[in-house]
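Peer 1: So here's data13.json (JSON, C-alpha atoms).
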```
[["chain", "number", "residue", "atom", "x", "y", "z"],
["T", 895, "MET", "CA", -61.28, -38.75, -11.10],
["T", 896, "LYS", "CA", -62.86, -42.18, -10.81],
["T", 897, "ASP", "CA", -64.59, -43.10, -7.56],
["T", 898, "LEU", "CA", -61.80, -44.07, -5.18],
["T", 899, "ALA", "CA", -64.40, -44.92, -2.56],
["T", 900, "SER", "CA", -65.29, -48.00, -4.59],
["T", 901, "LEU", "CA", -61.87, -49.53, -3.85],
["T", 902, "PRO", "CA", -61.78, -52.22, -1.14],
["T", 903, "GLN", "CA", -59.21, -49.99, 0.62],
["T", 904, "PRO", "CA", -59.23, -46.40, -0.67],
["T", 905, "VAL", "CA", -55.75, -44.86, -0.86],
["T", 906, "HIS", "CA", -54.55, -41.40, 0.09],
["T", 907, "VAL", "CA", -53.91, -39.13, -2.93],
["T", 908, "ARG", "CA", -52.04, -35.85, -3.17],
["T", 909, "GLN", "CA", -51.39, -33.40, -6.00],
["T", 910, "LEU", "CA", -48.12, -31.55, -6.52],
["T", 911, "GLY", "CA", -47.56, -28.69, -8.94],
["T", 912, "SER", "CA", -49.98, -26.72, -11.07],
["T", 913, "GLY", "CA", -48.83, -27.16, -14.65],
["T", 914, "PRO", "CA", -50.97, -28.34, -17.57],
["T", 915, "ARG", "CA", -49.22, -31.67, -18.11],
["T", 916, "GLN", "CA", -51.00, -34.41, -16.14],
["T", 917, "VAL", "CA", -48.64, -36.90, -14.48],
["T", 918, "LEU", "CA", -49.34, -40.00, -12.40],
["T", 919, "ALA", "CA", -46.36, -40.85, -10.17],
["T", 920, "ILE", "CA", -45.92, -44.03, -8.11],
["T", 921, "HIS", "CA", -43.36, -44.14, -5.30],
["T", 922, "CYS", "CA", -41.04, -46.93, -4.14],
["T", 923, "THR", "CA", -41.59, -49.24, -1.17],
["T", 924, "ILE", "CA", -41.03, -47.88, 2.37],
["T", 925, "ALA", "CA", -41.50, -44.32, 1.07],
["T", 926, "HIS", "CA", -44.71, -42.35, 0.34],
["T", 927, "SER", "CA", -46.19, -40.01, -2.25],
["T", 928, "GLY", "CA", -44.25, -37.05, -0.84],
["T", 929, "ALA", "CA", -41.11, -38.59, -2.32],
["T", 930, "TRP", "CA", -42.05, -36.80, -5.56],
["T", 931, "LYS", "CA", -41.94, -33.29, -4.04],
["T", 932, "GLY", "CA", -38.40, -32.58, -5.25],
["T", 933, "VAL", "CA", -39.06, -33.58, -8.85],
["T", 934, "ALA", "CA", -42.55, -32.05, -8.99],
["T", 935, "GLY", "CA", -41.31, -28.81, -7.45],
["T", 936, "ARG", "CA", -38.86, -28.33, -10.30],
["T", 937, "LEU", "CA", -41.64, -28.94, -12.84],
["T", 938, "ASP", "CA", -44.22, -26.92, -10.90],
["T", 939, "LYS", "CA", -45.45, -24.73, -13.77],
["T", 940, "GLU", "CA", -45.18, -27.45, -16.38],
["T", 941, "ALA", "CA", -46.92, -30.41, -14.78],
["T", 942, "THR", "CA", -49.40, -31.46, -12.12],
["T", 943, "PHE", "CA", -48.33, -34.63, -10.36],
["T", 944, "THR", "CA", -51.01, -36.93, -8.97],
["T", 945, "ALA", "CA", -49.40, -39.31, -6.50],
["T", 946, "PHE", "CA", -50.86, -41.82, -4.06],
["T", 947, "ASP", "CA", -49.59, -43.62, -1.00],
["T", 948, "MET", "CA", -49.46, -47.34, -1.65],
["T", 949, "LEU", "CA", -51.23, -49.55, 0.86],
["T", 950, "SER", "CA", -49.27, -49.78, 4.14],
["T", 951, "HIS", "CA", -47.48, -46.52, 3.23],
["T", 952, "GLY", "CA", -47.99, -42.88, 4.13],
["T", 953, "GLN", "CA", -51.58, -42.01, 4.94],
["T", 954, "SER", "CA", -53.11, -45.01, 3.16],
["T", 955, "PRO", "CA", -54.48, -47.89, 5.24],
["T", 956, "ASP", "CA", -52.52, -51.03, 5.91],
["T", 957, "TRP", "CA", -52.84, -53.74, 3.29],
["T", 958, "ASP", "CA", -55.37, -56.28, 4.48],
["T", 959, "GLY", "CA", -53.47, -59.18, 2.89],
["T", 960, "GLN", "CA", -56.25, -59.91, 0.41],
["T", 961, "GLY", "CA", -55.16, -60.35, -3.21],
["T", 962, "GLY", "CA", -51.66, -59.78, -4.52],
["T", 963, "TYR", "CA", -49.94, -56.67, -3.20],
["T", 964, "GLN", "CA", -48.92, -55.52, -6.67],
["T", 965, "ASP", "CA", -52.41, -56.25, -7.99],
["T", 966, "ARG", "CA", -54.04, -54.13, -5.33],
["T", 967, "ASN", "CA", -51.82, -51.15, -6.05],
["T", 968, "VAL", "CA", -52.34, -51.51, -9.79],
["T", 969, "GLU", "CA", -56.07, -51.38, -9.06],
["T", 970, "ALA", "CA", -55.66, -48.21, -7.00],
["T", 971, "ALA", "CA", -53.47, -46.53, -9.60],
["T", 972, "ALA", "CA", -55.88, -47.42, -12.40],
["T", 973, "MET", "CA", -58.58, -45.43, -10.63],
["T", 974, "LEU", "CA", -56.41, -42.32, -11.06],
["T", 975, "LEU", "CA", -55.88, -42.74, -14.80],
["T", 976, "GLN", "CA", -58.75, -40.45, -15.68],
["T", 977, "GLN", "CA", -57.32, -39.31, -19.04],
["T", 978, "PRO", "CA", -54.13, -39.97, -21.05],
["T", 979, "MET", "CA", -51.35, -39.15, -18.60],
["T", 980, "ASP", "CA", -47.58, -39.28, -18.36],
["T", 981, "LEU", "CA", -46.82, -42.20, -16.05],
["T", 982, "ILE", "CA", -43.76, -42.40, -13.78],
["T", 983, "GLY", "CA", -42.81, -45.15, -11.35],
["T", 984, "HIS", "CA", -39.81, -45.69, -9.10],
["T", 985, "SER", "CA", -38.49, -49.10, -7.99],
["T", 986, "PHE", "CA", -41.49, -51.27, -7.06],
["T", 987, "GLY", "CA", -43.69, -48.39, -8.18],
["T", 988, "ALA", "CA", -42.12, -48.75, -11.63],
["T", 989, "THR", "CA", -43.38, -52.34, -11.81],
["T", 990, "VAL", "CA", -46.88, -51.08, -10.99],
["T", 991, "ALA", "CA", -46.48, -48.45, -13.73],
["T", 992, "LEU", "CA", -45.35, -51.08, -16.24],
["T", 993, "ARG", "CA", -48.46, -53.12, -15.57],
["T", 994, "LEU", "CA", -50.65, -50.05, -16.09],
["T", 995, "ALA", "CA", -48.93, -49.34, -19.41],
["T", 996, "VAL", "CA", -49.66, -52.88, -20.59],
["T", 997, "GLU", "CA", -53.21, -53.05, -19.27],
["T", 998, "TYR", "CA", -54.32, -49.46, -20.11],
["T", 999, "PRO", "CA", -52.07, -48.34, -22.98],
["T", 1000, "GLU", "CA", -54.68, -45.93, -24.31],
["T", 1001, "LEU", "CA", -54.44, -43.94, -21.05],
["T", 1002, "VAL", "CA", -50.63, -43.74, -20.86],
["T", 1003, "ARG", "CA", -49.14, -40.96, -22.97],
["T", 1004, "SER", "CA", -45.57, -41.72, -21.95],
["T", 1005, "LEU", "CA", -43.91, -44.10, -19.50],
["T", 1006, "THR", "CA", -40.87, -43.44, -17.29],
["T", 1007, "LEU", "CA", -39.48, -46.35, -15.28],
["T", 1008, "ILE", "CA", -36.87, -45.36, -12.69],
["T", 1009, "GLU", "CA", -34.82, -48.26, -11.31],
["T", 1010, "PRO", "CA", -37.57, -50.89, -11.89],
["T", 1011, "VAL", "CA", -37.02, -53.90, -9.64],
["T", 1012, "PHE", "CA", -38.50, -56.40, -12.11],
["T", 1013, "PHE", "CA", -35.94, -59.10, -11.30],
["T", 1014, "ALA", "CA", -37.54, -61.67, -13.61],
["T", 1015, "VAL", "CA", -36.11, -59.72, -16.55],
["T", 1016, "ALA", "CA", -32.57, -59.91, -15.19],
["T", 1017, "ASP", "CA", -33.06, -63.60, -14.42],
["T", 1018, "GLN", "CA", -33.38, -64.20, -18.16],
["T", 1019, "GLU", "CA", -30.35, -62.05, -18.95],
["T", 1020, "ALA", "CA", -27.94, -62.64, -16.07],
["T", 1021, "PRO", "CA", -29.25, -65.17, -13.51],
["T", 1022, "ASP", "CA", -25.99, -64.97, -11.57],
["T", 1023, "LEU", "CA", -26.74, -61.35, -10.67],
["T", 1024, "VAL", "CA", -30.17, -62.31, -9.36],
["T", 1025, "SER", "CA", -28.66, -65.14, -7.33],
["T", 1026, "GLN", "CA", -26.15, -62.73, -5.82],
["T", 1027, "LEU", "CA", -28.92, -60.28, -4.99],
["T", 1028, "ARG", "CA", -30.83, -63.00, -3.15],
["T", 1029, "LYS", "CA", -27.68, -63.86, -1.17],
["T", 1030, "ASP", "CA", -27.13, -60.20, -0.32],
["T", 1031, "ALA", "CA", -30.76, -59.92, 0.80],
["T", 1032, "LYS", "CA", -30.69, -62.98, 3.06],
["T", 1033, "PRO", "CA", -30.01, -61.07, 6.30],
["T", 1034, "PHE", "CA", -33.03, -58.90, 5.51],
["T", 1035, "ALA", "CA", -35.19, -61.94, 4.72],
["T", 1036, "ASP", "CA", -34.05, -63.65, 7.92],
["T", 1037, "ALA", "CA", -34.95, -60.58, 9.99],
["T", 1038, "ILE", "CA", -38.45, -60.43, 8.51],
["T", 1039, "ALA", "CA", -38.95, -64.17, 9.00],
["T", 1040, "ALA", "CA", -37.95, -63.73, 12.64],
["T", 1041, "GLY", "CA", -40.49, -60.93, 13.06],
["T", 1042, "ASP", "CA", -37.85, -58.22, 13.59],
["T", 1043, "HIS", "CA", -39.33, -55.64, 11.27],
["T", 1044, "ALA", "CA", -37.20, -52.77, 12.58],
["T", 1045, "LEU", "CA", -34.01, -54.66, 11.74],
["T", 1046, "GLY", "CA", -35.49, -55.71, 8.42],
["T", 1047, "ALA", "CA", -36.27, -52.10, 7.51],
["T", 1048, "ARG", "CA", -32.78, -51.02, 8.52],
["T", 1049, "LEU", "CA", -31.12, -53.72, 6.40],
["T", 1050, "PHE", "CA", -33.40, -53.13, 3.41],
["T", 1051, "ASN", "CA", -32.77, -49.40, 3.54],
["T", 1052, "ARG", "CA", -29.00, -49.98, 3.74],
["T", 1053, "MET", "CA", -29.14, -52.31, 0.75],
["T", 1054, "TRP", "CA", -30.99, -49.88, -1.53],
["T", 1055, "SER", "CA", -30.14, -46.41, -0.22],
["T", 1056, "SER", "CA", -27.96, -44.04, -2.21],
["T", 1057, "SER", "CA", -24.39, -43.27, -1.29],
["T", 1058, "GLY", "CA", -24.35, -40.39, 1.16],
["T", 1059, "SER", "CA", -27.91, -41.05, 2.37],
["T", 1060, "PRO", "CA", -28.54, -40.59, 6.11],
["T", 1061, "ARG", "CA", -27.61, -43.57, 8.28],
["T", 1062, "TRP", "CA", -30.45, -45.32, 10.10],
["T", 1063, "PRO", "CA", -29.55, -43.90, 13.55],
["T", 1064, "ASP", "CA", -29.48, -40.38, 12.08],
["T", 1065, "MET", "CA", -32.98, -40.59, 10.61],
["T", 1066, "PRO", "CA", -35.92, -39.03, 12.44],
["T", 1067, "GLU", "CA", -37.83, -41.52, 14.56],
["T", 1068, "ALA", "CA", -40.98, -40.90, 12.47],
["T", 1069, "THR", "CA", -39.11, -41.89, 9.29],
["T", 1070, "ARG", "CA", -37.77, -45.08, 10.85],
["T", 1071, "ALA", "CA", -41.23, -45.94, 12.16],
["T", 1072, "ALA", "CA", -42.82, -45.40, 8.73],
["T", 1073, "MET", "CA", -40.25, -47.66, 7.07],
["T", 1074, "THR", "CA", -40.75, -50.32, 9.73],
["T", 1075, "ARG", "CA", -44.52, -50.16, 9.25],
["T", 1076, "SER", "CA", -44.20, -50.79, 5.50],
["T", 1077, "ILE", "CA", -41.43, -53.36, 5.39],
["T", 1078, "HIS", "CA", -43.68, -56.44, 5.67],
["T", 1079, "VAL", "CA", -44.99, -55.90, 2.12],
["T", 1080, "VAL", "CA", -41.55, -56.42, 0.55],
["T", 1081, "PRO", "CA", -41.56, -60.25, 0.73],
["T", 1082, "ALA", "CA", -45.16, -60.19, -0.51],
["T", 1083, "CYS", "CA", -43.87, -58.68, -3.77],
["T", 1084, "ASP", "CA", -41.50, -61.56, -4.59],
["T", 1085, "ALA", "CA", -43.95, -63.50, -6.76],
["T", 1086, "SER", "CA", -44.50, -60.41, -8.92],
["T", 1087, "LEU", "CA", -40.89, -59.29, -9.09],
["T", 1088, "TYR", "CA", -38.93, -62.55, -9.29],
["T", 1089, "ASP", "CA", -41.51, -64.93, -10.75],
["T", 1090, "ASP", "CA", -43.44, -62.57, -13.06],
["T", 1091, "GLN", "CA", -46.75, -63.66, -11.57],
["T", 1092, "ALA", "CA", -48.60, -61.18, -13.80],
["T", 1093, "GLY", "CA", -47.11, -62.76, -16.96],
["T", 1094, "LEU", "CA", -45.62, -59.57, -18.35],
["T", 1095, "LEU", "CA", -42.81, -61.51, -20.02],
["T", 1096, "SER", "CA", -45.20, -63.82, -21.84],
["T", 1097, "PRO", "CA", -45.10, -63.46, -25.64],
["T", 1098, "GLY", "CA", -46.86, -60.36, -26.94],
["T", 1099, "ILE", "CA", -47.59, -58.71, -23.58],
["T", 1100, "LEU", "CA", -44.94, -55.99, -23.31],
["T", 1101, "GLU", "CA", -45.50, -55.21, -26.98],
["T", 1102, "ARG", "CA", -48.81, -53.63, -25.94],
["T", 1103, "ALA", "CA", -46.90, -50.75, -24.34],
["T", 1104, "THR", "CA", -46.22, -48.82, -27.54],
["T", 1105, "MET", "CA", -45.97, -45.39, -25.91],
["T", 1106, "PRO", "CA", -42.54, -43.69, -25.60],
["T", 1107, "CYS", "CA", -40.69, -45.13, -22.61],
["T", 1108, "LEU", "CA", -37.70, -43.77, -20.70],
["T", 1109, "LEU", "CA", -35.72, -46.16, -18.49],
["T", 1110, "LEU", "CA", -33.55, -44.43, -15.88],
["T", 1111, "ARG", "CA", -30.99, -45.89, -13.48],
["T", 1112, "GLY", "CA", -28.15, -44.59, -11.36],
["T", 1113, "THR", "CA", -24.60, -45.58, -12.19],
["T", 1114, "GLU", "CA", -24.00, -46.43, -8.50],
["T", 1115, "THR", "CA", -27.01, -48.71, -8.07],
["T", 1116, "GLN", "CA", -27.25, -52.49, -7.66],
["T", 1117, "PRO", "CA", -25.72, -54.17, -10.76],
["T", 1118, "VAL", "CA", -28.92, -56.11, -11.40],
["T", 1119, "ILE", "CA", -30.76, -52.89, -12.29],
["T", 1120, "HIS", "CA", -28.56, -52.34, -15.33],
["T", 1121, "MET", "CA", -29.60, -55.73, -16.70],
["T", 1122, "ILE", "CA", -33.28, -55.05, -15.97],
["T", 1123, "ASN", "CA", -33.23, -51.73, -17.80],
["T", 1124, "GLU", "CA", -31.36, -53.09, -20.79],
["T", 1125, "GLY", "CA", -33.63, -56.12, -20.92],
["T", 1126, "LEU", "CA", -36.75, -53.96, -20.84],
["T", 1127, "ALA", "CA", -35.30, -51.61, -23.46],
["T", 1128, "GLN", "CA", -34.98, -54.59, -25.80],
["T", 1129, "ARG", "CA", -38.51, -55.85, -25.10],
["T", 1130, "LEU", "CA", -40.54, -52.61, -25.10],
["T", 1131, "PRO", "CA", -41.36, -51.30, -28.58],
["T", 1132, "ASN", "CA", -40.41, -47.65, -28.08],
["T", 1133, "ALA", "CA", -37.92, -47.46, -25.21],
["T", 1134, "GLN", "CA", -34.62, -45.76, -24.46],
["T", 1135, "SER", "CA", -32.34, -46.48, -21.50],
["T", 1136, "GLN", "CA", -30.24, -43.81, -19.81],
["T", 1137, "PRO", "CA", -27.89, -43.92, -16.81],
["T", 1138, "VAL", "CA", -27.60, -41.02, -14.36],
["T", 1139, "SER", "CA", -23.97, -40.47, -13.37],
["T", 1140, "GLY", "CA", -23.24, -40.60, -9.66],
["T", 1141, "ALA", "CA", -26.77, -41.55, -8.64],
["T", 1142, "GLY", "CA", -27.90, -44.66, -6.78],
["T", 1143, "HIS", "CA", -31.22, -46.42, -6.48],
["T", 1144, "MET", "CA", -32.95, -43.41, -4.91],
["T", 1145, "LEU", "CA", -32.17, -41.06, -7.76],
["T", 1146, "PRO", "CA", -35.54, -39.24, -7.95],
["T", 1147, "ILE", "CA", -35.02, -38.27, -4.30],
["T", 1148, "SER", "CA", -31.25, -37.78, -4.28],
["T", 1149, "HIS", "CA", -31.09, -36.15, -7.75],
["T", 1150, "PRO", "CA", -34.47, -34.42, -8.25],
["T", 1151, "GLY", "CA", -33.06, -31.68, -10.47],
["T", 1152, "THR", "CA", -31.42, -34.12, -12.85],
["T", 1153, "THR", "CA", -34.53, -36.31, -12.87],
["T", 1154, "ALA", "CA", -36.76, -33.32, -13.64],
["T", 1155, "SER", "CA", -34.46, -32.20, -16.48],
["T", 1156, "LEU", "CA", -34.49, -35.66, -18.01],
["T", 1157, "LEU", "CA", -38.27, -35.82, -17.78],
["T", 1158, "ARG", "CA", -38.63, -32.37, -19.35],
["T", 1159, "ASP", "CA", -36.40, -33.39, -22.28],
["T", 1160, "PHE", "CA", -38.16, -36.74, -22.68],
["T", 1161, "TRP", "CA", -41.63, -35.19, -22.64],
["T", 1162, "SER", "CA", -40.58, -32.59, -25.23],
["T", 1163, "ARG", "CA", -39.80, -35.45, -27.61],
["T", 1164, "SER", "CA", -42.78, -37.68, -26.71]]
```
Turn the structure described in the file into structure tokens.
Peer 2:
Amino acid sequence: MKDLASLPQPVHVRQLGSGPRQVLAIHCTIAHSGAWKGVAGRLDKEATFTAFDMLSHGQSPDWDGQGGYQDRNVEAAAMLLQQPMDLIGHSFGATVALRLAVEYPELVRSLTLIEPVFFAVADQEAPDLVSQLRKDAKPFADAIAAGDHALGARLFNRMWSSSGSPRWPDMPEATRAAMTRSIHVVPACDASLYDDQAGLLSPGILERATMPCLLLRGTETQPVIHMINEGLAQRLPNAQSQPVSGAGHMLPISHPGTTASLLRDFWSRS
């Protein structure tokens, strides 16, 4: 493993499983690396998952506001790419994974993007869906602008949680507190997600990611995700897109068995 101590803000890293296949997994916002326990547990003898807590999440330090939030997490993740690995990202974590695949293709054996929130792709395909998403997110944005992070976390969680997920009042206080702690980074991601600040959609950039790529989404997720996955499937050289019936945005947490089975099948063909 590269020297994590050389990072401006070293991140917390955990390993899950004991199998020979080396996997780097990147969680979604307002979660933490433990979100991969369900999937990794079902692949325990087949793969070893290396997962880190993004800045302002889990046991990692709070983001100091220096540099772009996506950039800083790409930097942290790159330190963990010690050999060719299977790379998985969920939601915002999937956008970090996509950047790694473009910037370090020789170290990414396969790429799995689960519900990537790369809205700039959908804006080219169906701008009306992105406009509707922004309207739906306005109460959340207003809460954050007003400094009410607890309300912002509650609204954001409601917007993206899967059907049947626990309601905010029913969640443990520690879970609500962790989400509230992390929620301020969400607006800081807008330039990367909506405006493609990293230039991934510039000509010739996504073509660098020639490794096999699996794009997963739930059938009950936000409509914009369907357009993102289909748009990426058209732009990445070696990608396939697959829906997961009955799942929502949190499918690796709500459907870990299905996610693990899909990964196992994908890896067997990669």
Peer 1: Which one of T:Leu1130, T:Leu981, T:Val907, T:Ala1082 sits closest to Gly959 in chain T if you count all atoms listed in the file?
Peer 2: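 Closest candidate: T:Ala1082.
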Peer 1: Could you tell me how far CA of Ile920 in chain T sits from CA of Glu1101 in chain T, in Å to one decimal place?
Peer 2: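 A separation of 21.9 Å between them.
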Peer 1: Within 9 Å of range 927-931 of chain T, counting all atoms listed in the file, which residues qualify if same-chain residues fewer than 4 places away don't, as number ranges by chain?
Peer 2: T: 906-908, 910-911, 919-922, 935-936, 943-948, 951-952, 1146-1147, 1150
Peer 1: Using all atoms listed in the file, which residues sit within 10 Å of Met1121 in chain T once same-chain residues fewer than 5 positions away are excluded, as a list in words?
Peer 2: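 The neighbour list is Phe1013, Val1015, Ala1016, Asp1017, Gln1018, Glu1019, Ala1020, Pro1021, Leu1023, Val1024, Gln1116, Leu1126 and Ala1127 of chain T.
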Peer 1: Please provide the set of residues having any atom within 8 Å of His1043 in chain T, restricted to all atoms listed in the file, with same-chain residues fewer than 3 positions apart removed, written as JSON, numbers by chain.
Peer 2: {"T": [1037, 1038, 1046, 1047, 1074, 1075, 1077, 1078]}
Peer 1: Between CA of Leu1100 in chain T and CA of Ala1133 in chain T, what is the spacing in Å?
Peer 2: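 If I compute the distance from CA of Ala1133 in chain T to CA of Leu1100 in chain T, I get 11.2 Å.
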Peer 1: What is the CA of Glu1124 in chain T-CA of Lys1029 in chain T distance in Å, reported with one decimal?
Peer 2: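 Straight-line distance from CA of Glu1124 in chain T to CA of Lys1029 in chain T works out to 22.7 Å.
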Peer 1: T:Gln977, T:Ser1086, T:Asn1051, T:Thr1152: which is nearest Arg1070 in chain T, counting all atoms listed in the file?
Peer 2: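 Of T:Gln977, T:Ser1086, T:Asn1051, T:Thr1152, the one nearest Arg1070 in chain T, counting all atoms listed in the file, is T:Asn1051.
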Peer 1: Which residue out of T:Ala995, T:Leu1005, T:Ala1085, T:Val1079 has the minimum interatomic distance to Trp957 in chain T when only C-alpha atoms are used?
Peer 2: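 Going through T:Ala995, T:Leu1005, T:Ala1085, T:Val1079 one by one, the smallest distance to Trp957 in chain T is for T:Val1079.
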